[in-house]
There are 2 protein chains.
Amino acid sequence: MSEAKLQGIAEASSYHMSPEEFRRHGYQVIDWIADYLQRIETFPVLSQVEPGQVRASLPPHAPESGEPFANLLADVDRVILPGVTHWQSPNFYAYFPCNASGPAILGDLLSSGLGVQGMLWATSPACTELEAHVLDWLGEMLALPQKFLSSGTGGGVIQDTASSASLCALLAARERATNFLSNKQGCDGKLVAYCSSQAHSSIEKAVRIAGIGSENLRAVEVDADFGMRPEALASQIEQDRRAGKLPFFVCATVGTTSSNAIDPVKAIGEICRNEGLWLHVDAAMSGTAALCPEFRFIHQGLERADSYCFNPHKWMFTNFDCDCFYVADRKSLVQALSVLPEYLRNKATEAGAVIDYRDWQIPLGRRFRSLKLWFVIRHYGIEGLRHHIREHVRLAQEFAKWIRADPRFELAAPVPLNLVCFRLKAGDTASQELMERLNRSGDLYLTHTKLADKLTLRLCVGQANTEERHLVKVWARVKEEAAKI
Amino acid sequence: MSEAKLQGIAEASSYHMSPEEFRRHGYQVIDWIADYLQRIETFPVLSQVEPGQVRASLPPHAPESGEPFANLLADVDRVILPGVTHWQSPNFYAYFPCNASGPAILGDLLSSGLGVQGMLWATSPACTELEAHVLDWLGEMLALPQKFLSSGTGGGVIQDTASSASLCALLAARERATNFLSNKQGCDGKLVAYCSSQAHSSIEKAVRIAGIGSENLRAVEVDADFGMRPEALASQIEQDRRAGKLPFFVCATVGTTSSNAIDPVKAIGEICRNEGLWLHVDAAMSGTAALCPEFRFIHQGLERADSYCFNPHKWMFTNFDCDCFYVADRKSLVQALSVLPEYLRNKATEAGAVIDYRDWQIPLGRRFRSLKLWFVIRHYGIEGLRHHIREHVRLAQEFAKWIRADPRFELAAPVPLNLVCFRLKAGDTASQELMERLNRSGDLYLTHTKLADKLTLRLCVGQANTEERHLVKVWARVKEEAAKI
């Protein structure tokens, strides 16, 4: 409701917020966020509310009449903040990070303000062209193989998450393997997909969604460092072929969620090439490291992949959602996902001169997400991004040293980049208690996994603002709580 | 890069934008958007650039060093704006609208600033609880059946688009129909789904993705008003059963994309109940109308549906992405989509006391989208939302009257709400030329479809700021260009 109306000054013919009101309230929200970022370390990282507590503070019914904007902001403080787990706190080490940064937030704000829907090139050419262009930039920045760039047969697209990217890869692979018949006739239970036992749960979810069935997903065994064993993959494929199955898809992981293990992409790629299987590489978290030449070993063998994804919304300071998904042959992807009704036909599409990103993803509609990525790359420059990635890796390696040097603890896996997996030698119960004490304190937040059947704590150094002083404090707190157990 | 560093004042240990820099640049972006909204009618609605023009203005490689924020904003004006089709212009009548509004943009900005990832209740309780709560509010506001509210066996969730909502509905239906075996064993080509020949292309896309196969989607014939013929549905189901197929899913549309036709949900629901089929109702565009009691006829029979969706990002002033998806039995949906790895286990989930929305959607991660919806509802109030919806419907009805009264034109379909389908009686070539002339002029933007095999222009009155004066001008321009053909 216009504030004039709220104040009873005039009979409003519009309840919209006027541009001038937007300007005023916009400043207030910007201030709120700047203040929040300044005081973020004062909050307990993990929200301390009980189930139902947030809802209990909300009125049971929607308001009949509009409310002043000040009420809304006040309720963000009163109702929302206590229920927030502070992913943007430098003391957030849980899961993988989900970073934001000033330029990303402001790029995304512009996207909201422009409010374009980029399903087709024609519905906003800049939305499509900036995305294709910035994804080519990024491909170069990570030294991805040329074939993934839009100048060749491939190209990149922004997906919401790596889950969706993997699903798109799987669908393109499914259609290529069945000569585009699965799309028409449906699946028949013969297709078989492969990933390691350490792959992300989204691969199993994608296999289910796509009508392949989880019983047709092979969890290939891993070596002592949790990387896929290529010979186990090869023998499983052979076994499946003998059983009359149709192997078609392998997902290799560069930086698994549990331990940051890196599958041997080169050896896996060789098998895929010989066997005619689609190779998708999921580098959701770790791909960002390839900005730095010294970490590009993680992508060895990538020239044999058919598709690849990584998430700037994890470690590259770009707020959610922003997964970058690349394919070597965009035709397979487009042919797998395109349905063209009359109401979407247009001259640019018919001329074949443009990309229509609706055919590169599950949904039809899409927002202008490349703006935030463009802002991030231009604000930091390649040098700024590298600086922070190197610093995160250095801090994680530092932390790993401290763990190694303390006889009560052990590392549970190698530490190739910025994830440290550790545990108390005293066993699962002690490690679990340590985690709960730390998280309950609000000083930091970390989460767990199981490695070799043992409960393992995961500390991921990737939140944008984490500095050495934070890690020093974490280590002090870890030792302090461990001493009490 | 910190601006201090850019100015060579100090050796930066951080390239992040500081909170104070964020505040300053944030004001600039807010100003940019406020100014854009004020001058939006001065731009040609449909972007006039040629393919490749935007990319040609961008440097071929990413910058090595960071750039000042002013450069970024300047390039938005120089490079991006010419390539934008102005979805937020009141002269945008194409497709369906994709609205934004002040409170929505600012709610979304807060979501970016908080930067939480709400995959689990535990990863930010407020993100989950506000969403469940606001979707209950909305359910009441639309007078949806009780079973869709979270207080009963159902509940609502925000999806990116209706495409994804329909896919989730299809997957839940697939699993219910096969006793959750498709997830394990994959599809077997027996399942058959139904929608009308006028349903959205996303239904065919979902059927393909889910491994059902497009040959197993029946496009049921429609009546003269483009609504599904229930008796045709019933006889198709019978025929499929006789052929040994397994009918399992019907999608009814409330407001088709081509003509805003409303399928007879009640009669279709009766068939679904008798036959044990899952009924999904796609009201992506038109659902918003049910905010007004006088338009609730569109939802007649909804109590027989298993799932329902509509998009506040189309007509309810909430910026993309925001589709509200409701299910009557959340267990089927969760069971269809849940995969729980060790690293996501937590006490709140195990206790069963909370919703984990990751199991209600395709991706794992999710942003805090309910904030913008909450802001919209509280800013406008139910009364403000109703005011604007009524006004849009009134204007569309007005426009339809003008068309009816002009002997050169004809309506191509009934006008139940805010979409007017019309054409020149002179035929397809004339109508096509009329559309191209209007769009090329930049004064307005509308798109086409085919109805009864004839080219038809679609004028949708739904952009937030469209007022009577805009429609009056459109009609003048339509007559003016028609006179030249």
# chains A, B, ... in the order shown; residues from 1 in each chain; ligands from 1

$ residues_around --residues "Met141 (chain B)" --least-positions-apart "6" --cutoff "12 Å" --atoms "only C-alpha atoms" --output "PyMOL selection string"
(chain A and resi 60-64) or (chain B and resi 134-135+149+287-293+296+377+381-383+385-386)

$ write_last_selection --atoms "C-alpha atoms" --output "PDB file, in the first residue's frame"
ATOM      1  CA  PRO A  60      -1.961 -17.104  11.936  1.00  0.00           C
ATOM      2  CA  HIS A  61      -3.491 -15.225   8.999  1.00  0.00           C
ATOM      3  CA  ALA A  62      -2.265 -12.865   6.306  1.00  0.00           C
ATOM      4  CA  PRO A  63      -3.037  -9.180   6.905  1.00  0.00           C
ATOM      5  CA  GLU A  64      -6.136  -7.702   5.243  1.00  0.00           C
TER       6      GLU A  64
ATOM      7  CA  VAL B 134       3.417 -18.071   4.334  1.00  0.00           C
ATOM      8  CA  LEU B 135       2.272 -20.864   2.024  1.00  0.00           C
ATOM      9  CA  LEU B 149      -2.216 -26.786   4.241  1.00  0.00           C
ATOM     10  CA  GLY B 287      -4.280 -19.049  -9.758  1.00  0.00           C
ATOM     11  CA  THR B 288      -3.610 -15.539  -8.467  1.00  0.00           C
ATOM     12  CA  ALA B 289      -7.118 -14.522  -9.544  1.00  0.00           C
ATOM     13  CA  ALA B 290      -8.542 -16.669  -6.749  1.00  0.00           C
ATOM     14  CA  LEU B 291      -7.437 -13.988  -4.299  1.00  0.00           C
ATOM     15  CA  CYS B 292     -10.758 -12.381  -5.312  1.00  0.00           C
ATOM     16  CA  PRO B 293     -13.880 -14.317  -4.273  1.00  0.00           C
ATOM     17  CA  ARG B 296     -12.803 -18.459  -7.418  1.00  0.00           C
ATOM     18  CA  ILE B 377       1.727 -10.016   1.187  1.00  0.00           C
ATOM     19  CA  GLY B 381      -2.305  -6.731   2.248  1.00  0.00           C
ATOM     20  CA  ILE B 382      -5.022  -8.941   0.802  1.00  0.00           C
ATOM     21  CA  GLU B 383      -6.967  -5.827  -0.123  1.00  0.00           C
ATOM     22  CA  LEU B 385      -3.480  -7.491  -4.077  1.00  0.00           C
ATOM     23  CA  ARG B 386      -7.178  -7.829  -4.877  1.00  0.00           C
TER      24      ARG B 386
END

$ residues_around --residues "Lys147 (chain B)" --least-positions-apart "2" --cutoff "12 Å" --atoms "only C-alpha atoms" --output "NGL selection string"
:B and (136 or 139-140 or 143-145 or 149-156 or 302-308 or 326-330)

$ select_by_dssp --residues "region 193-435 of chain B" --states "alpha helix (DSSP H)" --output "ChimeraX atom specification"
/B:201-209,230-242,265-275,312-315,330-337,347-351,370-405,428-435

$ select_by_dssp --residues "region 171-373 of chain B" --states "strand (DSSP E or B)" --output "MDAnalysis selection string"
chainID B and resid 191:196 217:220 222 228 246:254 262 278:282 307:310 323:327

$ closest_residue --among "B:Ile158, B:Ala405, B:Val420, B:Ile209" --to "Ser338 (chain A)" --atoms "only C-alpha atoms"
B:Ile209

$ residues_around --residues "Gly26 (chain B)" --least-positions-apart "3" --cutoff "8 Å" --atoms "only C-alpha atoms" --output "list in words"
Tyr27, Ile30 and Leu106 of chain A; Phe22, Arg23, Val29 and Ile30 of chain B

$ write_last_selection --atoms "C-alpha atoms" --output "compact mmCIF listing (two decimals), in the first residue's frame"
# COMPACT_ATOMS: atom_id res chain seq x y z
CA TYR A 27 18.58 2.37 1.47
CA ILE A 30 21.13 -1.91 2.28
CA LEU A 106 24.45 -6.11 -5.79
CA PHE B 22 28.79 -2.24 0.26
CA ARG B 23 26.63 0.43 1.85
CA VAL B 29 22.34 0.26 -7.17
CA ILE B 30 19.11 1.15 -5.37

$ residues_around --residues "region 266-275 of chain A" --least-positions-apart "3" --cutoff "8 Å" --atoms "only C-alpha atoms" --output "PyMOL selection string"
chain A and resi 230+233-234+250+252+278-279+300-302+304-305

$ write_last_selection --atoms "N, CA and C atoms" --output "PDB file, in the first residue's frame"
ATOM      1  N   PRO A 230      39.523 -47.195 -10.791  1.00  0.00           N
ATOM      2  CA  PRO A 230      39.159 -47.357 -12.212  1.00  0.00           C
ATOM      3  C   PRO A 230      39.016 -48.816 -12.618  1.00  0.00           C
ATOM      4  N   LEU A 233      35.686 -49.957 -11.754  1.00  0.00           N
ATOM      5  CA  LEU A 233      34.710 -49.438 -12.717  1.00  0.00           C
ATOM      6  C   LEU A 233      34.700 -50.301 -13.979  1.00  0.00           C
ATOM      7  N   ALA A 234      35.893 -50.566 -14.506  1.00  0.00           N
ATOM      8  CA  ALA A 234      35.991 -51.343 -15.746  1.00  0.00           C
ATOM      9  C   ALA A 234      35.372 -52.729 -15.571  1.00  0.00           C
ATOM     10  N   VAL A 250      28.893 -42.203 -16.513  1.00  0.00           N
ATOM     11  CA  VAL A 250      29.733 -42.229 -15.315  1.00  0.00           C
ATOM     12  C   VAL A 250      29.811 -40.814 -14.758  1.00  0.00           C
ATOM     13  N   ALA A 252      32.182 -38.779 -12.329  1.00  0.00           N
ATOM     14  CA  ALA A 252      33.391 -38.713 -11.504  1.00  0.00           C
ATOM     15  C   ALA A 252      33.310 -37.465 -10.649  1.00  0.00           C
ATOM     16  N   TRP A 278      29.142 -41.686 -21.418  1.00  0.00           N
ATOM     17  CA  TRP A 278      29.175 -40.248 -21.128  1.00  0.00           C
ATOM     18  C   TRP A 278      29.875 -40.051 -19.789  1.00  0.00           C
ATOM     19  N   LEU A 279      30.874 -39.174 -19.778  1.00  0.00           N
ATOM     20  CA  LEU A 279      31.551 -38.861 -18.515  1.00  0.00           C
ATOM     21  C   LEU A 279      31.170 -37.459 -18.052  1.00  0.00           C
ATOM     22  N   GLN A 300      43.008 -32.877 -14.039  1.00  0.00           N
ATOM     23  CA  GLN A 300      43.752 -33.733 -14.960  1.00  0.00           C
ATOM     24  C   GLN A 300      42.810 -34.749 -15.597  1.00  0.00           C
ATOM     25  N   GLY A 301      42.813 -34.799 -16.913  1.00  0.00           N
ATOM     26  CA  GLY A 301      41.968 -35.770 -17.604  1.00  0.00           C
ATOM     27  C   GLY A 301      40.626 -35.206 -18.040  1.00  0.00           C
ATOM     28  N   LEU A 302      40.382 -33.943 -17.703  1.00  0.00           N
ATOM     29  CA  LEU A 302      39.071 -33.360 -17.996  1.00  0.00           C
ATOM     30  C   LEU A 302      38.773 -33.304 -19.493  1.00  0.00           C
ATOM     31  N   ARG A 304      38.715 -35.537 -21.395  1.00  0.00           N
ATOM     32  CA  ARG A 304      37.937 -36.724 -21.791  1.00  0.00           C
ATOM     33  C   ARG A 304      36.498 -36.690 -21.280  1.00  0.00           C
ATOM     34  N   ALA A 305      36.130 -35.610 -20.640  1.00  0.00           N
ATOM     35  CA  ALA A 305      34.761 -35.529 -20.091  1.00  0.00           C
ATOM     36  C   ALA A 305      33.787 -34.970 -21.125  1.00  0.00           C
TER      37      ALA A 305
END

$ closest_residue --among "B:Tyr357, B:Tyr93, B:Trp137, B:Trp402" --to "chain A" --atoms "only C-alpha atoms"
B:Trp137

$ closest_atom_pairs --of "region 93-148 of chain B" --to "region 32-56 of chain A" --cutoff "10 Å" --atoms "only C-alpha atoms" --output "JSON lines"
{"residue": "B:Leu109", "atom": "CA", "partner": "A:Ile33", "partner_atom": "CA", "distance": 8.8}
{"residue": "B:Leu110", "atom": "CA", "partner": "A:Ile33", "partner_atom": "CA", "distance": 7.0}
{"residue": "B:Ser111", "atom": "CA", "partner": "A:Ile33", "partner_atom": "CA", "distance": 9.8}
{"residue": "B:Ser112", "atom": "CA", "partner": "A:Ile33", "partner_atom": "CA", "distance": 9.2}
{"residue": "B:Gly113", "atom": "CA", "partner": "A:Ile33", "partner_atom": "CA", "distance": 5.7}
{"residue": "B:Leu114", "atom": "CA", "partner": "A:Ile33", "partner_atom": "CA", "distance": 7.5}
{"residue": "B:Trp121", "atom": "CA", "partner": "A:Pro51", "partner_atom": "CA", "distance": 8.5}
{"residue": "B:Ala122", "atom": "CA", "partner": "A:Ser47", "partner_atom": "CA", "distance": 7.8}
{"residue": "B:Thr123", "atom": "CA", "partner": "A:Leu46", "partner_atom": "CA", "distance": 7.7}
{"residue": "B:Ser124", "atom": "CA", "partner": "A:Ser47", "partner_atom": "CA", "distance": 6.8}
{"residue": "B:Pro125", "atom": "CA", "partner": "A:Ser47", "partner_atom": "CA", "distance": 7.3}
{"residue": "B:Ala126", "atom": "CA", "partner": "A:Val54", "partner_atom": "CA", "distance": 6.0}
{"residue": "B:Cys127", "atom": "CA", "partner": "A:Val54", "partner_atom": "CA", "distance": 9.4}
{"residue": "B:Thr128", "atom": "CA", "partner": "A:Val54", "partner_atom": "CA", "distance": 9.3}
{"residue": "B:Glu129", "atom": "CA", "partner": "A:Arg55", "partner_atom": "CA", "distance": 5.8}
{"residue": "B:Leu130", "atom": "CA", "partner": "A:Arg55", "partner_atom": "CA", "distance": 6.6}
{"residue": "B:Glu131", "atom": "CA", "partner": "A:Arg55", "partner_atom": "CA", "distance": 9.6}
{"residue": "B:Ala132", "atom": "CA", "partner": "A:Arg55", "partner_atom": "CA", "distance": 8.5}
{"residue": "B:His133", "atom": "CA", "partner": "A:Arg55", "partner_atom": "CA", "distance": 6.6}
{"residue": "B:Val134", "atom": "CA", "partner": "A:Arg55", "partner_atom": "CA", "distance": 9.6}

$ closest_residue --among "B:Glu215, B:Phe368, B:Asn71, B:Asn319" --to "Val84 (chain A)" --atoms "only C-alpha atoms"
B:Phe368

$ closest_residue --among "B:Pro341, B:Gly462, B:Pro416, B:Gly427" --to "chain A" --atoms "only C-alpha atoms"
B:Pro341

$ residues_around --residues "Phe310 (chain B)" --least-positions-apart "6" --cutoff "9 Å" --atoms "only C-alpha atoms" --output "PyMOL selection string"
chain B and resi 161-162+281-288+322-325

$ write_last_selection --atoms "C-alpha atoms" --output "mmCIF file, in the first residue's frame"
data_model
loop_
_atom_site.group_PDB
_atom_site.id
_atom_site.type_symbol
_atom_site.label_atom_id
_atom_site.label_comp_id
_atom_site.auth_asym_id
_atom_site.auth_seq_id
_atom_site.Cartn_x
_atom_site.Cartn_y
_atom_site.Cartn_z
ATOM 1 C CA THR B 161 8.868 -22.656 -11.734
ATOM 2 C CA ALA B 162 5.658 -24.479 -12.544
ATOM 3 C CA VAL B 281 -3.715 -28.768 -11.327
ATOM 4 C CA ASP B 282 -1.474 -26.251 -13.072
ATOM 5 C CA ALA B 283 -2.778 -22.726 -12.407
ATOM 6 C CA ALA B 284 0.604 -21.067 -12.968
ATOM 7 C CA MET B 285 -0.797 -17.819 -14.342
ATOM 8 C CA SER B 286 -4.421 -17.747 -13.310
ATOM 9 C CA GLY B 287 -4.280 -19.049 -9.758
ATOM 10 C CA THR B 288 -3.610 -15.539 -8.467
ATOM 11 C CA CYS B 322 8.534 -18.133 -7.007
ATOM 12 C CA ASP B 323 6.138 -20.937 -7.841
ATOM 13 C CA CYS B 324 3.926 -22.170 -4.999
ATOM 14 C CA PHE B 325 3.396 -25.915 -5.120
#

$ closest_residue --among "B:Thr253, B:Ser196, B:Asn91, B:Thr318" --to "chain A" --atoms "only C-alpha atoms"
B:Thr318

$ atom_distance --atom1 "CA of Asp223 (chain A)" --atom2 "CA of Val265 (chain A)"
14.1 Å

$ atom_distance --atom1 "CA of Phe375 (chain B)" --atom2 "CA of Ala348 (chain B)"
27.9 Å

$ closest_residue --among "B:Ser13, B:Asp188, B:Asn183, B:Ile237" --to "Leu217 (chain A)" --atoms "only C-alpha atoms"
B:Asn183

$ residues_around --residues "Thr178 (chain A)" --least-positions-apart "2" --cutoff "10 Å" --atoms "only C-alpha atoms" --output "list in words"
Ala173, Arg174, Glu175, Arg176, Phe180, Leu181, Ser182, Asn183, Cys187, Leu191, Leu246 and Phe248 of chain A

$ write_last_selection --atoms "N, CA and C atoms" --output "PDB file, in the first residue's frame"
ATOM      1  N   ALA A 173      22.960 -37.796 -21.615  1.00  0.00           N
ATOM      2  CA  ALA A 173      23.634 -39.091 -21.796  1.00  0.00           C
ATOM      3  C   ALA A 173      22.624 -40.196 -22.120  1.00  0.00           C
ATOM      4  N   ARG A 174      21.504 -40.177 -21.399  1.00  0.00           N
ATOM      5  CA  ARG A 174      20.452 -41.178 -21.615  1.00  0.00           C
ATOM      6  C   ARG A 174      19.964 -41.129 -23.053  1.00  0.00           C
ATOM      7  N   GLU A 175      19.749 -39.914 -23.538  1.00  0.00           N
ATOM      8  CA  GLU A 175      19.213 -39.771 -24.897  1.00  0.00           C
ATOM      9  C   GLU A 175      20.262 -40.139 -25.947  1.00  0.00           C
ATOM     10  N   ARG A 176      21.506 -39.724 -25.710  1.00  0.00           N
ATOM     11  CA  ARG A 176      22.555 -40.086 -26.664  1.00  0.00           C
ATOM     12  C   ARG A 176      22.694 -41.614 -26.737  1.00  0.00           C
ATOM     13  N   PHE A 180      17.996 -41.081 -28.686  1.00  0.00           N
ATOM     14  CA  PHE A 180      16.880 -40.165 -28.401  1.00  0.00           C
ATOM     15  C   PHE A 180      15.518 -40.869 -28.365  1.00  0.00           C
ATOM     16  N   LEU A 181      15.549 -42.159 -28.073  1.00  0.00           N
ATOM     17  CA  LEU A 181      14.298 -42.919 -27.983  1.00  0.00           C
ATOM     18  C   LEU A 181      13.687 -42.925 -26.584  1.00  0.00           C
ATOM     19  N   SER A 182      14.517 -42.800 -25.549  1.00  0.00           N
ATOM     20  CA  SER A 182      13.954 -42.807 -24.183  1.00  0.00           C
ATOM     21  C   SER A 182      12.978 -41.658 -24.013  1.00  0.00           C
ATOM     22  N   ASN A 183      13.299 -40.529 -24.599  1.00  0.00           N
ATOM     23  CA  ASN A 183      12.395 -39.380 -24.537  1.00  0.00           C
ATOM     24  C   ASN A 183      11.019 -39.730 -25.100  1.00  0.00           C
ATOM     25  N   CYS A 187      11.884 -45.171 -20.421  1.00  0.00           N
ATOM     26  CA  CYS A 187      13.005 -46.057 -20.090  1.00  0.00           C
ATOM     27  C   CYS A 187      12.540 -47.502 -20.045  1.00  0.00           C
ATOM     28  N   LEU A 191      19.374 -49.405 -18.863  1.00  0.00           N
ATOM     29  CA  LEU A 191      20.492 -48.466 -18.719  1.00  0.00           C
ATOM     30  C   LEU A 191      21.139 -48.585 -17.338  1.00  0.00           C
ATOM     31  N   LEU A 246      22.873 -51.957 -20.371  1.00  0.00           N
ATOM     32  CA  LEU A 246      23.451 -50.951 -21.260  1.00  0.00           C
ATOM     33  C   LEU A 246      24.139 -49.842 -20.446  1.00  0.00           C
ATOM     34  N   PHE A 248      25.948 -46.510 -19.675  1.00  0.00           N
ATOM     35  CA  PHE A 248      25.854 -45.288 -20.485  1.00  0.00           C
ATOM     36  C   PHE A 248      26.432 -44.043 -19.833  1.00  0.00           C
TER      37      PHE A 248
END
